[in-house]
Every structure is written in C-alpha cells, then in structure tokens.
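K.L.:
Below is the file start-v9.pdb, with PDB, C-alpha atoms and all ligand atoms.
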```
ATOM      1  CA  MET A  24      73.737 102.190 100.877  1.00  0.00           C
ATOM      2  CA  THR A  25      74.122  98.661  99.576  1.00  0.00           C
ATOM      3  CA  SER A  26      76.163  98.033  96.422  1.00  0.00           C
ATOM      4  CA  ALA A  27      79.926  97.923  96.824  1.00  0.00           C
ATOM      5  CA  LYS A  28      81.734 101.192  96.234  1.00  0.00           C
ATOM      6  CA  PHE A  29      85.342 102.181  95.645  1.00  0.00           C
ATOM      7  CA  ILE A  30      86.457 105.370  97.431  1.00  0.00           C
ATOM      8  CA  THR A  31      89.877 106.935  96.904  1.00  0.00           C
ATOM      9  CA  PHE A  32      91.733 109.502  99.028  1.00  0.00           C
ATOM     10  CA  GLU A  33      94.026 111.931  97.237  1.00  0.00           C
ATOM     11  CA  GLY A  34      96.091 115.044  97.885  1.00  0.00           C
ATOM     12  CA  ILE A  35      99.657 116.288  98.086  1.00  0.00           C
ATOM     13  CA  ASP A  36     101.888 114.860 100.827  1.00  0.00           C
ATOM     14  CA  GLY A  37     100.858 116.268 104.208  1.00  0.00           C
ATOM     15  CA  ALA A  38      97.311 117.142 103.094  1.00  0.00           C
ATOM     16  CA  GLY A  39      95.842 114.800 105.707  1.00  0.00           C
ATOM     17  CA  LYS A  40      94.483 111.805 103.742  1.00  0.00           C
ATOM     18  CA  SER A  41      95.893 109.148 106.029  1.00  0.00           C
ATOM     19  CA  THR A  42      94.499 110.944 109.091  1.00  0.00           C
ATOM     20  CA  HIS A  43      90.958 110.606 107.741  1.00  0.00           C
ATOM     21  CA  ILE A  44      90.845 107.239 106.005  1.00  0.00           C
ATOM     22  CA  GLY A  45      90.219 105.352 109.257  1.00  0.00           C
ATOM     23  CA  TYR A  46      87.437 107.769 110.163  1.00  0.00           C
ATOM     24  CA  VAL A  47      85.646 107.174 106.852  1.00  0.00           C
ATOM     25  CA  ALA A  48      86.131 103.394 107.125  1.00  0.00           C
ATOM     26  CA  ASP A  49      84.572 103.508 110.617  1.00  0.00           C
ATOM     27  CA  LEU A  50      81.613 105.572 109.341  1.00  0.00           C
ATOM     28  CA  LEU A  51      80.939 102.917 106.722  1.00  0.00           C
ATOM     29  CA  ARG A  52      81.364 100.024 109.179  1.00  0.00           C
ATOM     30  CA  ALA A  53      78.891 101.738 111.508  1.00  0.00           C
ATOM     31  CA  ARG A  54      76.376 101.323 108.675  1.00  0.00           C
ATOM     32  CA  GLY A  55      76.983  97.573 108.672  1.00  0.00           C
ATOM     33  CA  LEU A  56      79.239  97.557 105.603  1.00  0.00           C
ATOM     34  CA  THR A  57      82.354  95.430 105.251  1.00  0.00           C
ATOM     35  CA  VAL A  58      85.263  97.717 104.395  1.00  0.00           C
ATOM     36  CA  VAL A  59      88.701  96.926 102.960  1.00  0.00           C
ATOM     37  CA  SER A  60      91.196  99.698 103.712  1.00  0.00           C
ATOM     38  CA  THR A  61      94.284  99.756 101.523  1.00  0.00           C
ATOM     39  CA  ARG A  62      96.897 102.032  99.928  1.00  0.00           C
ATOM     40  CA  GLU A  63      99.029 102.761  96.871  1.00  0.00           C
ATOM     41  CA  PRO A  64     101.726 102.230  96.023  1.00  0.00           C
ATOM     42  CA  GLY A  65     101.363  99.027  98.042  1.00  0.00           C
ATOM     43  CA  GLY A  66      98.379  97.072  99.260  1.00  0.00           C
ATOM     44  CA  THR A  67      99.894  93.674  98.372  1.00  0.00           C
ATOM     45  CA  GLU A  68     103.176  91.965  99.270  1.00  0.00           C
ATOM     46  CA  LEU A  69     104.628  92.755  95.843  1.00  0.00           C
ATOM     47  CA  GLY A  70     103.143  96.254  95.877  1.00  0.00           C
ATOM     48  CA  GLU A  71     104.768  97.030  99.234  1.00  0.00           C
ATOM     49  CA  ALA A  72     108.144  95.889  97.831  1.00  0.00           C
ATOM     50  CA  LEU A  73     107.618  98.172  94.817  1.00  0.00           C
ATOM     51  CA  ARG A  74     106.659 100.980  97.212  1.00  0.00           C
ATOM     52  CA  GLU A  75     110.047 100.719  98.920  1.00  0.00           C
ATOM     53  CA  LEU A  76     111.738 101.085  95.532  1.00  0.00           C
ATOM     54  CA  VAL A  77     109.711 104.002  94.189  1.00  0.00           C
ATOM     55  CA  LEU A  78     109.780 105.956  97.441  1.00  0.00           C
ATOM     56  CA  HIS A  79     113.522 105.610  97.999  1.00  0.00           C
ATOM     57  CA  LYS A  80     115.394 104.935  94.728  1.00  0.00           C
ATOM     58  CA  LYS A  81     116.148 107.458  92.021  1.00  0.00           C
ATOM     59  CA  MET A  82     114.864 106.247  88.626  1.00  0.00           C
ATOM     60  CA  HIS A  83     113.757 107.436  85.192  1.00  0.00           C
ATOM     61  CA  LEU A  84     110.345 109.089  85.380  1.00  0.00           C
ATOM     62  CA  GLU A  85     108.819 106.555  82.952  1.00  0.00           C
ATOM     63  CA  THR A  86     110.174 103.689  85.082  1.00  0.00           C
ATOM     64  CA  GLU A  87     108.552 105.356  88.092  1.00  0.00           C
ATOM     65  CA  ALA A  88     105.191 105.701  86.312  1.00  0.00           C
ATOM     66  CA  MET A  89     105.246 102.097  85.096  1.00  0.00           C
ATOM     67  CA  LEU A  90     106.122 100.795  88.578  1.00  0.00           C
ATOM     68  CA  MET A  91     103.145 102.734  89.981  1.00  0.00           C
ATOM     69  CA  PHE A  92     100.926 100.984  87.435  1.00  0.00           C
ATOM     70  CA  ALA A  93     102.609  97.604  88.045  1.00  0.00           C
ATOM     71  CA  SER A  94     101.861  97.930  91.767  1.00  0.00           C
ATOM     72  CA  ARG A  95      98.298  98.964  90.833  1.00  0.00           C
ATOM     73  CA  ARG A  96      97.780  95.988  88.504  1.00  0.00           C
ATOM     74  CA  GLU A  97      98.679  93.615  91.335  1.00  0.00           C
ATOM     75  CA  HIS A  98      96.557  95.597  93.786  1.00  0.00           C
ATOM     76  CA  LEU A  99      93.533  95.400  91.507  1.00  0.00           C
ATOM     77  CA  ALA A 100      93.956  91.665  90.906  1.00  0.00           C
ATOM     78  CA  GLU A 101      94.688  90.683  94.496  1.00  0.00           C
ATOM     79  CA  VAL A 102      92.699  93.133  96.610  1.00  0.00           C
ATOM     80  CA  ILE A 103      90.405  95.658  94.930  1.00  0.00           C
ATOM     81  CA  GLU A 104      88.538  93.560  92.359  1.00  0.00           C
ATOM     82  CA  PRO A 105      87.997  90.554  94.693  1.00  0.00           C
ATOM     83  CA  ALA A 106      86.719  92.865  97.451  1.00  0.00           C
ATOM     84  CA  LEU A 107      84.270  94.671  95.151  1.00  0.00           C
ATOM     85  CA  GLY A 108      83.255  91.281  93.740  1.00  0.00           C
ATOM     86  CA  ARG A 109      82.342  90.098  97.263  1.00  0.00           C
ATOM     87  CA  GLY A 110      80.297  93.250  97.799  1.00  0.00           C
ATOM     88  CA  ASP A 111      82.794  94.843 100.193  1.00  0.00           C
ATOM     89  CA  TRP A 112      83.533  98.563 100.104  1.00  0.00           C
ATOM     90  CA  VAL A 113      87.102  99.585  99.325  1.00  0.00           C
ATOM     91  CA  VAL A 114      88.813 102.726 100.658  1.00  0.00           C
ATOM     92  CA  SER A 115      92.234 103.362  99.149  1.00  0.00           C
ATOM     93  CA  ASP A 116      94.868 105.872 100.208  1.00  0.00           C
ATOM     94  CA  ARG A 117      95.687 106.992  96.614  1.00  0.00           C
ATOM     95  CA  PHE A 118      94.969 105.437  93.195  1.00  0.00           C
ATOM     96  CA  THR A 119      95.467 106.487  89.548  1.00  0.00           C
ATOM     97  CA  ASP A 120      94.751 110.200  90.102  1.00  0.00           C
ATOM     98  CA  ALA A 121      98.020 110.233  92.095  1.00  0.00           C
ATOM     99  CA  THR A 122      99.957 109.072  89.025  1.00  0.00           C
ATOM    100  CA  PHE A 123      98.386 111.818  86.894  1.00  0.00           C
ATOM    101  CA  ALA A 124      99.118 114.387  89.620  1.00  0.00           C
ATOM    102  CA  TYR A 125     102.669 113.332  90.617  1.00  0.00           C
ATOM    103  CA  GLN A 126     104.168 111.776  87.468  1.00  0.00           C
ATOM    104  CA  GLY A 127     102.062 113.888  85.069  1.00  0.00           C
ATOM    105  CA  GLY A 128     101.726 117.222  86.907  1.00  0.00           C
ATOM    106  CA  GLY A 129     104.817 117.101  89.123  1.00  0.00           C
ATOM    107  CA  ARG A 130     107.286 115.314  86.852  1.00  0.00           C
ATOM    108  CA  LYS A 131     105.756 116.423  83.524  1.00  0.00           C
ATOM    109  CA  LEU A 132     105.355 112.960  82.019  1.00  0.00           C
ATOM    110  CA  SER A 133     102.969 113.092  79.056  1.00  0.00           C
ATOM    111  CA  ILE A 134      99.330 112.772  80.175  1.00  0.00           C
ATOM    112  CA  GLN A 135      98.635 110.815  76.954  1.00  0.00           C
ATOM    113  CA  LYS A 136     101.184 108.156  77.977  1.00  0.00           C
ATOM    114  CA  LEU A 137      99.541 107.887  81.401  1.00  0.00           C
ATOM    115  CA  GLU A 138      96.136 107.519  79.759  1.00  0.00           C
ATOM    116  CA  VAL A 139      97.511 104.581  77.743  1.00  0.00           C
ATOM    117  CA  LEU A 140      98.698 102.887  80.948  1.00  0.00           C
ATOM    118  CA  GLU A 141      95.377 103.610  82.656  1.00  0.00           C
ATOM    119  CA  GLN A 142      93.477 102.062  79.729  1.00  0.00           C
ATOM    120  CA  TRP A 143      95.723  99.019  79.881  1.00  0.00           C
ATOM    121  CA  VAL A 144      95.562  98.464  83.638  1.00  0.00           C
ATOM    122  CA  HIS A 145      91.960  99.356  84.459  1.00  0.00           C
ATOM    123  CA  PRO A 146      89.944 100.094  81.314  1.00  0.00           C
ATOM    124  CA  HIS A 147      86.571  99.555  83.014  1.00  0.00           C
ATOM    125  CA  LEU A 148      87.081 100.609  86.635  1.00  0.00           C
ATOM    126  CA  GLN A 149      87.072 104.116  88.131  1.00  0.00           C
ATOM    127  CA  PRO A 150      86.523 105.101  91.753  1.00  0.00           C
ATOM    128  CA  ASP A 151      82.899 105.854  92.659  1.00  0.00           C
ATOM    129  CA  LEU A 152      84.091 108.731  94.831  1.00  0.00           C
ATOM    130  CA  THR A 153      87.433 110.536  95.095  1.00  0.00           C
ATOM    131  CA  LEU A 154      88.042 112.730  98.145  1.00  0.00           C
ATOM    132  CA  LEU A 155      90.666 115.333  97.253  1.00  0.00           C
ATOM    133  CA  PHE A 156      92.209 116.760 100.418  1.00  0.00           C
ATOM    134  CA  ASP A 157      93.296 120.200  99.271  1.00  0.00           C
ATOM    135  CA  VAL A 158      95.726 122.338 101.193  1.00  0.00           C
ATOM    136  CA  SER A 159      98.354 125.003 100.464  1.00  0.00           C
ATOM    137  CA  LEU A 160     101.948 123.866  99.978  1.00  0.00           C
ATOM    138  CA  GLU A 161     103.009 125.832 103.042  1.00  0.00           C
ATOM    139  CA  VAL A 162     100.524 124.131 105.372  1.00  0.00           C
ATOM    140  CA  ALA A 163     101.322 120.671 103.964  1.00  0.00           C
ATOM    141  CA  ARG A 164     105.070 121.252 104.316  1.00  0.00           C
ATOM    142  CA  ALA A 165     104.753 122.479 107.908  1.00  0.00           C
ATOM    143  CA  ARG A 166     102.736 119.365 108.818  1.00  0.00           C
ATOM    144  CA  LEU A 167     105.298 117.019 107.259  1.00  0.00           C
ATOM    145  CA  ASP A 168     108.306 118.803 108.768  1.00  0.00           C
ATOM    146  CA  ALA A 169     106.742 118.475 112.207  1.00  0.00           C
ATOM    147  CA  THR A 170     106.286 114.730 111.992  1.00  0.00           C
ATOM    148  CA  ARG A 171     108.742 112.561 110.079  1.00  0.00           C
ATOM    149  CA  ASP A 172     111.793 111.819 107.924  1.00  0.00           C
ATOM    150  CA  LEU A 173     110.954 112.730 104.351  1.00  0.00           C
ATOM    151  CA  ASP A 174     110.901 110.205 101.459  1.00  0.00           C
ATOM    152  CA  LYS A 175     111.975 110.900  97.833  1.00  0.00           C
ATOM    153  CA  PHE A 176     108.721 112.653  96.900  1.00  0.00           C
ATOM    154  CA  GLU A 177     108.390 114.578 100.142  1.00  0.00           C
ATOM    155  CA  GLN A 178     111.862 116.064  99.531  1.00  0.00           C
ATOM    156  CA  GLU A 179     110.767 117.593  96.206  1.00  0.00           C
ATOM    157  CA  LYS A 180     110.771 121.376  95.877  1.00  0.00           C
ATOM    158  CA  ALA A 181     107.752 123.671  96.198  1.00  0.00           C
ATOM    159  CA  THR A 182     107.214 123.985  92.406  1.00  0.00           C
ATOM    160  CA  PHE A 183     106.827 120.177  92.144  1.00  0.00           C
ATOM    161  CA  PHE A 184     104.023 120.256  94.726  1.00  0.00           C
ATOM    162  CA  ALA A 185     102.440 123.338  93.144  1.00  0.00           C
ATOM    163  CA  ASP A 186     102.270 121.469  89.813  1.00  0.00           C
ATOM    164  CA  THR A 187     101.051 118.260  91.509  1.00  0.00           C
ATOM    165  CA  ARG A 188      98.291 120.154  93.320  1.00  0.00           C
ATOM    166  CA  ALA A 189      97.313 121.986  90.097  1.00  0.00           C
ATOM    167  CA  GLU A 190      96.963 118.663  88.243  1.00  0.00           C
ATOM    168  CA  TYR A 191      94.788 117.256  91.057  1.00  0.00           C
ATOM    169  CA  LEU A 192      92.542 120.326  90.835  1.00  0.00           C
ATOM    170  CA  ARG A 193      92.449 120.065  87.033  1.00  0.00           C
ATOM    171  CA  ARG A 194      91.295 116.445  87.311  1.00  0.00           C
ATOM    172  CA  ALA A 195      88.676 117.419  89.888  1.00  0.00           C
ATOM    173  CA  SER A 196      87.204 119.881  87.389  1.00  0.00           C
ATOM    174  CA  GLN A 197      87.482 117.315  84.570  1.00  0.00           C
ATOM    175  CA  PHE A 198      85.569 114.674  86.598  1.00  0.00           C
ATOM    176  CA  PRO A 199      83.197 116.677  88.825  1.00  0.00           C
ATOM    177  CA  ALA A 200      80.753 113.795  89.350  1.00  0.00           C
ATOM    178  CA  ARG A 201      83.453 111.667  90.988  1.00  0.00           C
ATOM    179  CA  PHE A 202      85.522 114.229  92.931  1.00  0.00           C
ATOM    180  CA  ARG A 203      84.735 116.049  96.182  1.00  0.00           C
ATOM    181  CA  ILE A 204      87.281 118.678  97.209  1.00  0.00           C
ATOM    182  CA  VAL A 205      87.806 118.757 100.990  1.00  0.00           C
ATOM    183  CA  ASP A 206      89.350 121.976 102.322  1.00  0.00           C
ATOM    184  CA  SER A 207      92.020 120.412 104.460  1.00  0.00           C
ATOM    185  CA  THR A 208      93.357 123.609 106.048  1.00  0.00           C
ATOM    186  CA  ARG A 209      90.502 123.337 108.574  1.00  0.00           C
ATOM    187  CA  SER A 210      90.586 121.508 111.905  1.00  0.00           C
ATOM    188  CA  ILE A 211      90.363 117.714 111.922  1.00  0.00           C
ATOM    189  CA  ALA A 212      86.913 117.957 113.595  1.00  0.00           C
ATOM    190  CA  ASP A 213      85.576 120.296 110.871  1.00  0.00           C
ATOM    191  CA  ILE A 214      86.927 118.047 108.143  1.00  0.00           C
ATOM    192  CA  GLN A 215      85.306 114.994 109.754  1.00  0.00           C
ATOM    193  CA  GLN A 216      81.972 116.816 109.796  1.00  0.00           C
ATOM    194  CA  SER A 217      82.257 117.433 106.016  1.00  0.00           C
ATOM    195  CA  LEU A 218      83.281 113.811 105.429  1.00  0.00           C
ATOM    196  CA  ALA A 219      80.268 112.534 107.376  1.00  0.00           C
ATOM    197  CA  GLN A 220      77.989 114.662 105.148  1.00  0.00           C
ATOM    198  CA  ILE A 221      79.629 113.422 101.957  1.00  0.00           C
ATOM    199  CA  ILE A 222      79.394 109.789 103.044  1.00  0.00           C
ATOM    200  CA  SER A 223      75.776 110.028 104.134  1.00  0.00           C
ATOM    201  CA  ALA A 224      74.907 111.533 100.733  1.00  0.00           C
ATOM    202  CA  LEU A 225      76.404 108.526  98.894  1.00  0.00           C
TER     203      LEU A 225
HETATM  204  N1  LIG B 301      93.437 119.158 109.620  1.00  0.00           N
HETATM  205  C1  LIG B 301      94.615 119.004 110.232  1.00  0.00           C
HETATM  206  N2  LIG B 301      95.039 119.914 111.111  1.00  0.00           N
HETATM  207  C2  LIG B 301      96.238 119.774 111.729  1.00  0.00           C
HETATM  208  N3  LIG B 301      97.091 118.758 111.536  1.00  0.00           N
HETATM  209  C3  LIG B 301      96.714 117.801 110.654  1.00  0.00           C
HETATM  210  C4  LIG B 301      95.468 117.876 109.963  1.00  0.00           C
HETATM  211  N4  LIG B 301      95.367 116.799 109.161  1.00  0.00           N
HETATM  212  C5  LIG B 301      96.493 116.064 109.337  1.00  0.00           C
HETATM  213  N5  LIG B 301      97.288 116.677 110.235  1.00  0.00           N
HETATM  214  C6  LIG B 301      98.623 116.215 110.672  1.00  0.00           C
HETATM  215  O1  LIG B 301      99.499 116.402 109.554  1.00  0.00           O
HETATM  216  C7  LIG B 301     100.409 115.317 109.449  1.00  0.00           C
HETATM  217  C8  LIG B 301     100.275 114.694 108.045  1.00  0.00           C
HETATM  218  O2  LIG B 301      98.986 114.099 107.942  1.00  0.00           O
HETATM  219  P1  LIG B 301      98.736 112.777 107.094  1.00  0.00           P
HETATM  220  O3  LIG B 301      99.818 111.794 107.354  1.00  0.00           O
HETATM  221  O4  LIG B 301      97.323 112.377 107.330  1.00  0.00           O
HETATM  222  O5  LIG B 301      98.885 113.379 105.644  1.00  0.00           O
HETATM  223  P2  LIG B 301      98.874 112.620 104.282  1.00  0.00           P
HETATM  224  O6  LIG B 301      98.103 113.466 103.334  1.00  0.00           O
HETATM  225  O7  LIG B 301      98.400 111.233 104.436  1.00  0.00           O
HETATM  226  O8  LIG B 301     100.407 112.644 103.894  1.00  0.00           O
HETATM  227  P3  LIG B 301     101.245 111.573 103.053  1.00  0.00           P
HETATM  228  O9  LIG B 301     100.577 111.476 101.731  1.00  0.00           O
HETATM  229  O10 LIG B 301     102.599 112.165 102.943  1.00  0.00           O
HETATM  230  O11 LIG B 301     101.224 110.279 103.829  1.00  0.00           O
HETATM  231  C9  LIG B 301     100.076 114.342 110.584  1.00  0.00           C
HETATM  232  O12 LIG B 301     100.941 114.593 111.659  1.00  0.00           O
HETATM  233  C10 LIG B 301      98.637 114.724 110.958  1.00  0.00           C
HETATM  234  O13 LIG B 301      98.371 114.496 112.328  1.00  0.00           O
HETATM  235  C1  LIG B 302     100.059 106.081  94.114  1.00  0.00           C
HETATM  236  C2  LIG B 302     101.150 107.051  93.797  1.00  0.00           C
HETATM  237  C3  LIG B 302     101.883 107.651  94.798  1.00  0.00           C
HETATM  238  N1  LIG B 302     102.856 108.525  94.483  1.00  0.00           N
HETATM  239  C4  LIG B 302     103.632 109.151  95.579  1.00  0.00           C
HETATM  240  C5  LIG B 302     102.856 110.118  96.407  1.00  0.00           C
HETATM  241  C6  LIG B 302     103.486 110.021  97.762  1.00  0.00           C
HETATM  242  O1  LIG B 302     104.553 110.954  97.823  1.00  0.00           O
HETATM  243  C7  LIG B 302     104.104 108.629  97.785  1.00  0.00           C
HETATM  244  C8  LIG B 302     103.476 107.620  98.714  1.00  0.00           C
HETATM  245  O2  LIG B 302     102.243 107.925  99.119  1.00  0.00           O
HETATM  246  P1  LIG B 302     101.803 108.304 100.659  1.00  0.00           P
HETATM  247  O3  LIG B 302     100.480 108.906 100.461  1.00  0.00           O
HETATM  248  O4  LIG B 302     102.800 109.266 101.221  1.00  0.00           O
HETATM  249  O5  LIG B 302     101.747 107.033 101.422  1.00  0.00           O
HETATM  250  O6  LIG B 302     104.036 108.139  96.452  1.00  0.00           O
HETATM  251  C9  LIG B 302     103.145 108.824  93.171  1.00  0.00           C
HETATM  252  O7  LIG B 302     104.064 109.600  92.887  1.00  0.00           O
HETATM  253  N2  LIG B 302     102.414 108.243  92.183  1.00  0.00           N
HETATM  254  C10 LIG B 302     101.431 107.352  92.436  1.00  0.00           C
HETATM  255  O8  LIG B 302     100.781 106.843  91.498  1.00  0.00           O
END
```
Transcribe the structure of this file into structure tokens.
P.N.:
Amino acid sequence: MTSAKFITFEGIDGAGKSTHIGYVADLLRARGLTVVSTREPGGTELGEALRELVLHKKMHLETEAMLMFASRREHLAEVIEPALGRGDWVVSDRFTDATFAYQGGGRKLSIQKLEVLEQWVHPHLQPDLTLLFDVSLEVARARLDATRDLDKFEQEKATFFADTRAEYLRRASQFPARFRIVDSTRSIADIQQSLAQIISAL
C-alpha cells in the first residue's frame, strides 16, 4: 500500500459514515500512511462558510447544486489535490456522489446538468474507493432522532431519502469497481470488521 489514494464515505443522513471515518483513518495510519481527513460540504474556510448556507438556508435547487460544487472546487484546490500530490491519503466524508444522490436523486435536478458540473470541477479525478454506508430510512431516522437537532436536509420527508438512497445504489451499480456497499444496519463492531477487510484488500 504505497501510492496515495482518495477514499470517500457516502450514505443517507444517519447511515453512520462519520462514526467510521476515524476508524478507517486510524487503520491507514497504523500502516505508516499519512492521512488527511476532511468533509463536504466544507473542508476549507470558505467551504465551511458555504456549508452553513446550504445546510440552513432555503434556496433554488440549482443554486444548492452549484454551491456544493463551488465548495468542492475550493476543497480540491486547497486540500485534496495538494494532499494527493504530496503522497498523502485522503478520506472524505462525502464527495460528488452526494450531489448526484441528494440534488439529483432527492431533489430531481437533471443528472446531465450535474455531469456537466462534475466535468467542469474535476474532469480527471475520481475517488479510488467509495464506501457506501447503506441503511433503511427507518433505521437512519431513528439514529438521527436520538442524537441531534436536524438541519435542512435531515428534515426532509421519507420519500426524499428513499430517492437519495436509490440514486446512491444506482451509482454503486454503475461504478462497481469503485464502490463497496457496507450494510450499516449491523453493529459498529461488525461494520469495522468489514471495513478492515476492505482496507487490507486495497
Ligand atoms: N452501526 C450502528 N449502530 C448503532 N448506532 C450507530 C451505528 N452507526 C452509527 N450509529 C449512531 O447513529 C448516529 C448517526 O451516526 P453518524 O453521525 O455516524 O451518521 P452519518 O451517516 O455520518 O450522518 P450524517 O450524514 O447526518 O452526519 C450516531 O449517534 C452514531 O453513534
Ligand atoms: C456533499 C453534499 C452534501 N449534501 C448534504 C448531505 C447532508 O445532509 C449534508 C451535510 O452532510 P453531513 O454528512 O451530514 O455532514 O449535506 C448534499 O445535499 N449534497 C452534497 O453534494
């Protein structure tokens, strides 16, 4: 395991991505790798300011999609590309699959328009590995309700999350070489065991 890799964590809100990102980063560090752990929207000063806007302000769905890509452009320029250039590994809590799933699947923005933005913002970069934490809407909702105040997306209705999850699963079947689906209804210990296997196979 030597050359720098870009690993993304995806799933509907409450699926458990954030719970496991630190675990994966630690697995990689234990192998002597330097790891940059980051998130979207966010990851830079400007990106975090955009995150506040998109998570809390109502806006046109195309504005929302373009702000996700604006945050991503900055994130790529300031964090992701320099890290990969140094040979560091990058683990990111969400990336472009989230825009296809939430703005495309959930909000029904044209997938073709999103592909244009993707081609503009990162024509030559895709994650090496995408871990899709997959869980039923009911389990995800119960986990969120137990823990925190809900943001704009987390307050969406069940059909929004059903469509978001379906788009994630559609992308996983479109890009099988890149995606690994992690059954996230299991216990945290069982999930960590699967993650350790996936990482050691990289
Ligand atoms: N496998 C699991 N079993 C039980 N509880 C879990 C599991 N995974 C995560 N949780 C709990 O569910 C809650 C949501 O988890 P987490 O924040 O990791 O989800 P997330 O996918 O990152 O959500 P979001 O995208 O909204 O930030 C947390 O309280 C976490 O402790
Ligand atoms: C990158 C990205 C994110 N979102 C949504 C998905 C979540 O509801 C929030 C923030 O993410 P977190 O995992 O809860 O920290 O933003 C989105 O709609 N489109 C995107 O591209």
K.L.:
Applied to the shown file, which residues does the PyMOL selection byres (((chain A and resi 175) around 9) and not hetatm) return, written as a list in words?
P.N.:
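When the PyMOL selection byres (((chain A and resi 175) around 9) and not hetatm) is applied to the shown file, the picked residues are Val77, Leu78, His79, Lys80, Lys81, Leu173, Asp174, Phe176, Glu177, Gln178 and Glu179 of chain A.
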K.L.:
Under the rule that only C-alpha atoms are counted, which of A:Ile44, A:Val158, A:Ala53, A:Leu152 is the nearest residue to Asp116 of chain A?
P.N.:
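Among the listed residues, A:Ile44 lies closest to Asp116 of chain A.
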K.L.:
Specify as a PyMOL selection string each residue included when the PyMOL selection byres (((not hetatm)) within 9 of (chain B and resi 302)) is applied to this file.
P.N.:
chain A and resi 32-37+40-41+62-65+74+77-78+87-88+90-92+94-95+116-126+129-130+174-177
K.L.:
Can you tell me, as lines of an AutoDock Vina configuration file, the centre and edge lengths (Å, one decimal) of the axis-aligned box enclosing all of ligand LIG 301 (chain B)'s listed atoms after padding each side by 8 Å?
P.N.:
```
center_x = 98.0
center_y = 115.1
center_z = 107.0
size_x = 25.2
size_y = 25.6
size_z = 26.6
```
K.L.:
So which residues get picked by the PyMOL selection byres (((chain A and resi 223) around 12) and not hetatm) here, written as a PyMOL selection string?
P.N.:
chain A and resi 24+47+50-51+53-54+216-222+224-225
K.L.:
Would you mind listing what lies within 7 Å of segment 199-211 of chain A as a PyMOL selection string, with all atoms listed in the file counted and same-chain residues fewer than 3 positions away left out?
P.N.:
chain A and resi 38-39+151-158+195-196+214-215
K.L.:
Point out the residue among A:Ala185, A:Ala72, A:Val102, A:Leu160 with the least atom-to-atom distance to ligand LIG 301 (chain B), counting only C-alpha atoms and all ligand atoms.
P.N.:
A:Leu160
K.L.:
Using only C-alpha atoms, pick whichever of A:Ala27, A:Leu148, A:Ala163, A:Ala189 has the shortest atom-to-atom distance to Arg96 of chain A.
P.N.:
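Among the listed residues, A:Leu148 lies closest to Arg96 of chain A.
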K.L.:
Pick from A:Ser133, A:Ser159, A:Ser26, A:Thr86: nearest to ligand LIG 301 (chain B), with all atoms listed in the file counted?
P.N.:
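Closest to ligand LIG 301 (chain B) of all the choices is A:Ser159.
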K.L.:
What's the separation between atom CA of Phe184 of chain A and atom C9 of ligand LIG 301 (chain B), in Å to one decimal place?
P.N.:
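So the two atoms, atom CA of Phe184 of chain A and atom C9 of ligand LIG 301 (chain B), lie 17.4 Å apart.
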K.L.:
May I ask which of the residues A:Pro146, A:Ala181, A:Ala93, A:Thr42 is the closest one to ligand LIG 301 (chain B), counting only C-alpha atoms and all ligand atoms?
P.N.:
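Using only C-alpha atoms and all ligand atoms, the shortest distance to ligand LIG 301 (chain B) belongs to A:Thr42.
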K.L.:
Name the closest residue to ligand LIG 301 (chain B) among the candidates A:Met89, A:Arg188, A:Met82, A:Val162; distances are taken between atoms, counting all atoms listed in the file.
P.N.:
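Counting all atoms listed in the file, the residue closest to ligand LIG 301 (chain B) is A:Val162.
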K.L.:
Do you have the atom CA of Thr67 of chain A-atom CA of Glu97 of chain A distance handy?
P.N.:
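Separation between atom CA of Thr67 of chain A and atom CA of Glu97 of chain A: 7.1 Å.
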K.L.:
Report, in Å to a single decimal, how far apart atom C7 of ligand LIG 301 (chain B) and atom CA of Pro150 of chain A are.
P.N.:
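The value is 24.7 Å.
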K.L.:
For segment 131-142 of chain A, where the input has fewer atoms than it should, I would like N, CA and C atoms rebuilt and written as a PDB file, in the frame of the given file.
P.N.:
```pdb
ATOM      1  N   LYS A 131     105.981 116.004  84.929  1.00  0.00           N
ATOM      2  CA  LYS A 131     105.756 116.423  83.524  1.00  0.00           C
ATOM      3  C   LYS A 131     105.793 115.269  82.519  1.00  0.00           C
ATOM      4  N   LEU A 132     105.498 114.073  82.964  1.00  0.00           N
ATOM      5  CA  LEU A 132     105.355 112.960  82.019  1.00  0.00           C
ATOM      6  C   LEU A 132     104.055 113.177  81.234  1.00  0.00           C
ATOM      7  N   SER A 133     104.115 112.843  79.939  1.00  0.00           N
ATOM      8  CA  SER A 133     102.969 113.092  79.056  1.00  0.00           C
ATOM      9  C   SER A 133     101.683 112.447  79.607  1.00  0.00           C
ATOM     10  N   ILE A 134     100.632 113.255  79.686  1.00  0.00           N
ATOM     11  CA  ILE A 134      99.330 112.772  80.175  1.00  0.00           C
ATOM     12  C   ILE A 134      98.804 111.685  79.230  1.00  0.00           C
ATOM     13  N   GLN A 135      99.107 111.819  77.928  1.00  0.00           N
ATOM     14  CA  GLN A 135      98.635 110.815  76.954  1.00  0.00           C
ATOM     15  C   GLN A 135      99.259 109.451  77.260  1.00  0.00           C
ATOM     16  N   LYS A 136     100.548 109.437  77.644  1.00  0.00           N
ATOM     17  CA  LYS A 136     101.184 108.156  77.977  1.00  0.00           C
ATOM     18  C   LYS A 136     100.517 107.552  79.220  1.00  0.00           C
ATOM     19  N   LEU A 137     100.193 108.395  80.179  1.00  0.00           N
ATOM     20  CA  LEU A 137      99.541 107.887  81.401  1.00  0.00           C
ATOM     21  C   LEU A 137      98.143 107.346  81.072  1.00  0.00           C
ATOM     22  N   GLU A 138      97.473 108.008  80.135  1.00  0.00           N
ATOM     23  CA  GLU A 138      96.136 107.519  79.759  1.00  0.00           C
ATOM     24  C   GLU A 138      96.232 106.141  79.101  1.00  0.00           C
ATOM     25  N   VAL A 139      97.317 105.903  78.360  1.00  0.00           N
ATOM     26  CA  VAL A 139      97.511 104.581  77.743  1.00  0.00           C
ATOM     27  C   VAL A 139      97.674 103.529  78.840  1.00  0.00           C
ATOM     28  N   LEU A 140      98.496 103.847  79.850  1.00  0.00           N
ATOM     29  CA  LEU A 140      98.698 102.887  80.948  1.00  0.00           C
ATOM     30  C   LEU A 140      97.389 102.659  81.720  1.00  0.00           C
ATOM     31  N   GLU A 141      96.662 103.732  81.941  1.00  0.00           N
ATOM     32  CA  GLU A 141      95.377 103.610  82.656  1.00  0.00           C
ATOM     33  C   GLU A 141      94.421 102.700  81.882  1.00  0.00           C
ATOM     34  N   GLN A 142      94.358 102.893  80.563  1.00  0.00           N
ATOM     35  CA  GLN A 142      93.477 102.062  79.729  1.00  0.00           C
ATOM     36  C   GLN A 142      93.907 100.603  79.746  1.00  0.00           C
TER      37      GLN A 142
END
```
